[in-house]
Every structure is written in C-alpha cells, then in structure tokens.
Amino acid sequence: MNPFRLFVLATATAFALLTGSCTQQRLCAQALQSRTVVLDIGHYYHPERGGQGARTPDARYGGSIEECEFWYRNAIHTKRVIERAGYTCLICNRGAAPTNKKLAAAGRTAGVHQVNTPVVTGIYRSRHQPRRMAVGMLSVDYALDQKPACVVFLHHNSHTNHWMVYNKGAMYCNERGGQLAWEMADVVNKTIFEKGMPNNGVPCTTILRNDGRRGGGDWLNACEENCVPAVITEAAYLSNPQHARFLASPEGAKRYAEAIGHGIVNYLNKR
C-alpha cells in the first residue's frame with residue numbers, strides 16, 4: 001500500500017475512534033444528568049387470552065396472578081415513589097392497551113405508553129444499537145428515546161408450571177446497572193423478603209446478564225451501549241405459593257411495587 005493511502009486509512013481509523021469516544025462520553029454524561037426513569041411493563045396483553053407473561057399455576061394461594069396484568073395494576077405505585085422524590089417517571093409496554101376495561105383504566109391512570117409493536121412476538125432490531133435484536137426491542141427504543149437515567153423492566157418469574165417453593169430471585173442487570181440492581185435488591189431484602197413475603201432466608205441477588213437475546217440480554221446490551229443502567233426485576237416467583245399469597249394481596253402488591261421504586265430512588269440519589 002502506498003504511503004498516501006496508508007495515511008488516509010490511518011486518519012480515517014483515528015477519526016472513527018475519536019468520534020466513537022466522543023459519542024460515548026456524550027451518552028454517559030446525558031444518562032448521568034438525566035432525571036427521567038423509564039419503566040417497561042413486561043410482556044403484553046392478548047385480547048382473548050389476557051396477559052402473556054409468567055403466571056401462577058392456578059388460582060390457589062390468593063388468586064390467579066399474571067405478571068403483565070400485575071404491573072398494569074401496580075406500576076402506578078412504583079411511579080409515585082419515583083415522582084415524589086422529584087424525578088420524572090414514564091411507563092411503557094410493547095403491546096396495545098388491554099381489552100379488559102379495568103386494566104385499560106389502570107394503564108391510563110399510570111400514563112402507560114403503548115408501543116403497539118406491529119408483531120408483538122416478533123424480533124426487532126434496535127434503532128439505537130442496530131446489532132442488538134430481540135422480542136420487545138421497540139420498548140427499549142422508546143425508553144432510550146427518552147434519554148433516561150435508567151430503565152427498569154418490570155417482570156416476575158416462574159420456576160415451573162406447578163407450585164414450588166423456589167426462592168432464588170434476582171435483579172438482572174447490565175454492567176452499568178450493577179449499582180442500580182444492588183440498591184433495588186437491598187430494598188427488597190430489607191422491606192419485603194421475610195417482612196411479609198417468606199423467602200426461606202434467601203436474599204435477592206444481582207446477576208449480570210450480557211449473553212445476547214437470552215432472558216432480555218439484548219435489551220440490557222442496547223441500554224449498556226447507550227450508557228444507560230438497566231435492570232430486569234425477577235425477584236418474585238409466581239410459582240412460589242408464599243410469594244403468590246403476598247402479591248395477591250392489594251397491600252402486598254403495593255408494598256412490593258413501592259420497594260422497586262425506593263430502590264430506584266436510592267440509586268438516583270447516590271449518583
């Protein structure tokens with residue numbers, strides 16, 4: 001390669017690296033200065049089959065619970081904790097509004113933004129980070145459009161299709177979300193586990209997830225590459241009768257949703 005072409009290639013490479021570095025610095029500063037939190041209600045509502053997330057095996061232990069429907073009813077409590085602390089909280093869901101009138105009304109009260117993903121089970125590529133693809137990615141794009149301080153994906157888990165006392169709940173996070181996940185887990189451990197929701201002495205932990213699409217991995221990766229801390233809440237198991245009984249109670253559900261909010265606020269206040 002002649003010296004001139006080598007010089008041009010070296011200059012272009014250096015410019016690309018410098019530009020990428022400047023962009024990353026800008027995104028990191030933006031997230032650090034932001035006072036906006038985005039909550040994403042996990043999964044979606046089917047007009048005929050109801051919520052399409054994890055659910056209790058049957059209606060024992062307080063009643064039937066499904067995670068999407070749970071968060072339509074209770075995300076408002078998380079939002080109020082965050083907004084009372086002086087931050088802005090936005091809520092989204094990748095689907096259309098529920099056809100159930102009470103759930104739809106709860107969504108309107110909470111100000112849920114319906115992303116209306118064209119094929120709600122389809123895999124989409126992120127506009128912000130095009131190499132990241134996943135089901136539910138359009139909700140991530142909506143969240144990143146808001147230039148947030150953090151993104152929290154509101155979920156529950158289910159270990160089996162049968163009742164089982166399973167206690168290994170966690171906050172799954174990207175690398176930038178480690179402190180956020182720890183603060184959320186800490187509040188759950190101090191105010192929820194063994195304080196109404198039995199967990200056999202097992203604390204909520206934090207788990208780094210960056211393994212592609214598995215379990216929302218590319219949601220977290222897209223946020224990571226935008227310098228945004230992000231966490232998926234999987235602390236409560238709907239197949240655990242002890243958890244289900246607590247979450248089926250309106251007071252228990254409110255306490256749990258508020259604990260998620262307090263963990264987020266603790267993180268924001270310590271930045």
# chains A, B, ... in the order shown; residues from 1 in each chain; ligands from 1
>>> residues_around(residues="Asp40 (chain A)", least_positions_apart="4", cutoff="10 Å", atoms="only C-alpha atoms", output="PDB file with N, CA and C atoms, in the first residue's frame")
ATOM      1  N   TRP A  71     -48.457  -5.759  36.734  1.00  0.00           N
ATOM      2  CA  TRP A  71     -47.776  -4.470  36.634  1.00  0.00           C
ATOM      3  C   TRP A  71     -48.658  -3.388  36.038  1.00  0.00           C
ATOM      4  N   ALA A  75     -47.842  -0.713  38.676  1.00  0.00           N
ATOM      5  CA  ALA A  75     -46.710   0.157  38.316  1.00  0.00           C
ATOM      6  C   ALA A  75     -46.938   1.595  38.774  1.00  0.00           C
ATOM      7  N   LEU A  90     -41.699   7.574  33.409  1.00  0.00           N
ATOM      8  CA  LEU A  90     -42.517   7.205  32.261  1.00  0.00           C
ATOM      9  C   LEU A  90     -42.665   5.685  32.243  1.00  0.00           C
ATOM     10  N   ILE A  91     -43.819   5.211  31.805  1.00  0.00           N
ATOM     11  CA  ILE A  91     -44.086   3.773  31.753  1.00  0.00           C
ATOM     12  C   ILE A  91     -44.483   3.398  30.330  1.00  0.00           C
ATOM     13  N   CYS A  92     -43.975   2.278  29.845  1.00  0.00           N
ATOM     14  CA  CYS A  92     -44.355   1.800  28.517  1.00  0.00           C
ATOM     15  C   CYS A  92     -44.657   0.307  28.559  1.00  0.00           C
ATOM     16  N   ASN A  93     -45.278  -0.163  27.495  1.00  0.00           N
ATOM     17  CA  ASN A  93     -45.500  -1.586  27.278  1.00  0.00           C
ATOM     18  C   ASN A  93     -45.470  -1.831  25.780  1.00  0.00           C
ATOM     19  N   ARG A  94     -44.869  -2.939  25.369  1.00  0.00           N
ATOM     20  CA  ARG A  94     -44.645  -3.154  23.946  1.00  0.00           C
ATOM     21  C   ARG A  94     -45.914  -3.431  23.149  1.00  0.00           C
ATOM     22  N   VAL A 112     -49.464   4.798  30.848  1.00  0.00           N
ATOM     23  CA  VAL A 112     -48.680   3.825  30.089  1.00  0.00           C
ATOM     24  C   VAL A 112     -48.675   4.192  28.606  1.00  0.00           C
ATOM     25  N   HIS A 113     -47.487   4.273  28.033  1.00  0.00           N
ATOM     26  CA  HIS A 113     -47.344   4.490  26.590  1.00  0.00           C
ATOM     27  C   HIS A 113     -47.380   3.137  25.900  1.00  0.00           C
ATOM     28  N   GLY A 136     -39.564  -7.519  21.860  1.00  0.00           N
ATOM     29  CA  GLY A 136     -39.729  -6.431  22.822  1.00  0.00           C
ATOM     30  C   GLY A 136     -38.753  -5.290  22.654  1.00  0.00           C
ATOM     31  N   SER A 139     -39.840  -1.459  22.709  1.00  0.00           N
ATOM     32  CA  SER A 139     -39.997  -0.801  24.011  1.00  0.00           C
ATOM     33  C   SER A 139     -38.666  -0.228  24.482  1.00  0.00           C
ATOM     34  N   VAL A 140     -37.587  -0.952  24.219  1.00  0.00           N
ATOM     35  CA  VAL A 140     -36.261  -0.459  24.587  1.00  0.00           C
ATOM     36  C   VAL A 140     -35.943   0.813  23.808  1.00  0.00           C
ATOM     37  N   TYR A 142     -38.110   2.956  22.617  1.00  0.00           N
ATOM     38  CA  TYR A 142     -38.912   4.032  23.212  1.00  0.00           C
ATOM     39  C   TYR A 142     -38.218   4.558  24.466  1.00  0.00           C
ATOM     40  N   ALA A 143     -37.748   3.632  25.307  1.00  0.00           N
ATOM     41  CA  ALA A 143     -37.087   4.039  26.555  1.00  0.00           C
ATOM     42  C   ALA A 143     -35.844   4.877  26.266  1.00  0.00           C
ATOM     43  N   VAL A 151     -33.337   2.454  33.028  1.00  0.00           N
ATOM     44  CA  VAL A 151     -34.514   1.735  32.528  1.00  0.00           C
ATOM     45  C   VAL A 151     -34.701   0.502  33.396  1.00  0.00           C
ATOM     46  N   VAL A 152     -35.942   0.264  33.829  1.00  0.00           N
ATOM     47  CA  VAL A 152     -36.253  -0.913  34.632  1.00  0.00           C
ATOM     48  C   VAL A 152     -37.380  -1.680  33.963  1.00  0.00           C
ATOM     49  N   PHE A 153     -37.116  -2.949  33.687  1.00  0.00           N
ATOM     50  CA  PHE A 153     -38.088  -3.833  33.059  1.00  0.00           C
ATOM     51  C   PHE A 153     -38.814  -4.593  34.162  1.00  0.00           C
ATOM     52  N   LEU A 154     -40.123  -4.355  34.297  1.00  0.00           N
ATOM     53  CA  LEU A 154     -40.906  -4.890  35.403  1.00  0.00           C
ATOM     54  C   LEU A 154     -41.425  -6.289  35.063  1.00  0.00           C
ATOM     55  N   HIS A 155     -40.889  -7.287  35.737  1.00  0.00           N
ATOM     56  CA  HIS A 155     -41.257  -8.686  35.490  1.00  0.00           C
ATOM     57  C   HIS A 155     -41.425  -9.422  36.813  1.00  0.00           C
ATOM     58  N   ILE A 232     -33.656  -5.872  34.962  1.00  0.00           N
ATOM     59  CA  ILE A 232     -34.888  -6.655  34.817  1.00  0.00           C
ATOM     60  C   ILE A 232     -35.223  -7.216  36.195  1.00  0.00           C
TER      61      ILE A 232
END
>>> select_by_dssp(residues="region 142-246 of chain A", states="strand (DSSP E)", output="ChimeraX atom specification")
/A:150-154,170-173,205-208,230-234
>>> residues_around(residues="Ala59 (chain A)", least_positions_apart="4", cutoff="12 Å", atoms="only C-alpha atoms", output="VMD selection string")
chain A and resid 55 63 to 66 162 to 163 238 to 239 241 244 to 245 248
>>> write_last_selection(atoms="C-alpha atoms", output="tab-separated table (two decimals), in the first residue's frame")
chain	number	residue	atom	x	y	z
A	55	ARG	CA	-48.47	-16.68	35.84
A	63	GLY	CA	-55.94	-15.98	43.30
A	64	SER	CA	-54.56	-16.09	39.78
A	65	ILE	CA	-51.72	-13.63	39.03
A	66	GLU	CA	-50.10	-12.88	35.67
A	162	HIS	CA	-46.51	-26.33	39.22
A	163	TRP	CA	-46.42	-24.89	42.71
A	238	LEU	CA	-45.36	-16.67	40.75
A	239	SER	CA	-44.96	-20.45	41.10
A	241	PRO	CA	-47.09	-20.17	46.87
A	244	ALA	CA	-48.13	-15.59	45.26
A	245	ARG	CA	-50.06	-15.22	48.50
A	248	ALA	CA	-52.25	-11.42	45.58
>>> closest_residue(among="A:Ala257, A:Ala97, A:Val188, A:Cys227", to="Arg26 (chain A)", atoms="only C-alpha atoms")
A:Cys227
>>> residues_around(residues="Gly177 (chain A)", least_positions_apart="5", cutoff="10 Å", atoms="only C-alpha atoms", output="VMD selection string")
chain A and resid 150 to 152 171 to 172 182 to 183 206 208 220 223 to 224 227 to 232 267
>>> residues_around(residues="Ala236 (chain A)", least_positions_apart="5", cutoff="7 Å", atoms="only C-alpha atoms", output="list in words")
His156, Asn157, Gly169 and His243 of chain A
>>> write_last_selection(atoms="all heavy atoms", output="compact mmCIF listing (two decimals), in the first residue's frame")
# COMPACT_ATOMS: atom_id res chain seq x y z
N HIS A 156 -42.00 -10.63 36.71
CA HIS A 156 -41.92 -11.66 37.74
C HIS A 156 -41.39 -12.91 37.04
O HIS A 156 -41.31 -12.96 35.81
CB HIS A 156 -43.28 -11.97 38.35
CG HIS A 156 -43.87 -10.85 39.14
ND1 HIS A 156 -43.16 -10.15 40.09
CD2 HIS A 156 -45.11 -10.31 39.14
CE1 HIS A 156 -43.93 -9.23 40.63
NE2 HIS A 156 -45.12 -9.30 40.07
N ASN A 157 -41.06 -13.92 37.82
CA ASN A 157 -40.57 -15.16 37.24
C ASN A 157 -41.48 -16.31 37.63
O ASN A 157 -42.38 -16.16 38.45
CB ASN A 157 -39.13 -15.43 37.71
CG ASN A 157 -38.30 -16.06 36.61
OD1 ASN A 157 -38.81 -16.84 35.81
ND2 ASN A 157 -37.02 -15.74 36.57
N GLY A 169 -34.58 -15.49 43.68
CA GLY A 169 -34.89 -14.31 42.87
C GLY A 169 -33.69 -13.40 42.71
O GLY A 169 -32.76 -13.41 43.52
N HIS A 243 -44.83 -16.47 47.74
CA HIS A 243 -44.77 -15.21 47.01
C HIS A 243 -46.15 -14.85 46.46
O HIS A 243 -46.57 -13.70 46.51
CB HIS A 243 -43.77 -15.32 45.86
CG HIS A 243 -42.35 -15.40 46.29
ND1 HIS A 243 -41.29 -15.31 45.41
CD2 HIS A 243 -41.79 -15.54 47.53
CE1 HIS A 243 -40.15 -15.41 46.06
NE2 HIS A 243 -40.43 -15.55 47.35
>>> residues_around(residues="Ile264 (chain A)", least_positions_apart="2", cutoff="9 Å", atoms="only C-alpha atoms", output="list of chain:residue names")
A:Val37, A:Ile82, A:Cys150, A:Val152, A:Leu180, A:Ala181, A:Glu183, A:Met184, A:Ala259, A:Ile260, A:Gly261, A:His262, A:Asn266, A:Tyr267, A:Leu268, A:Asn269
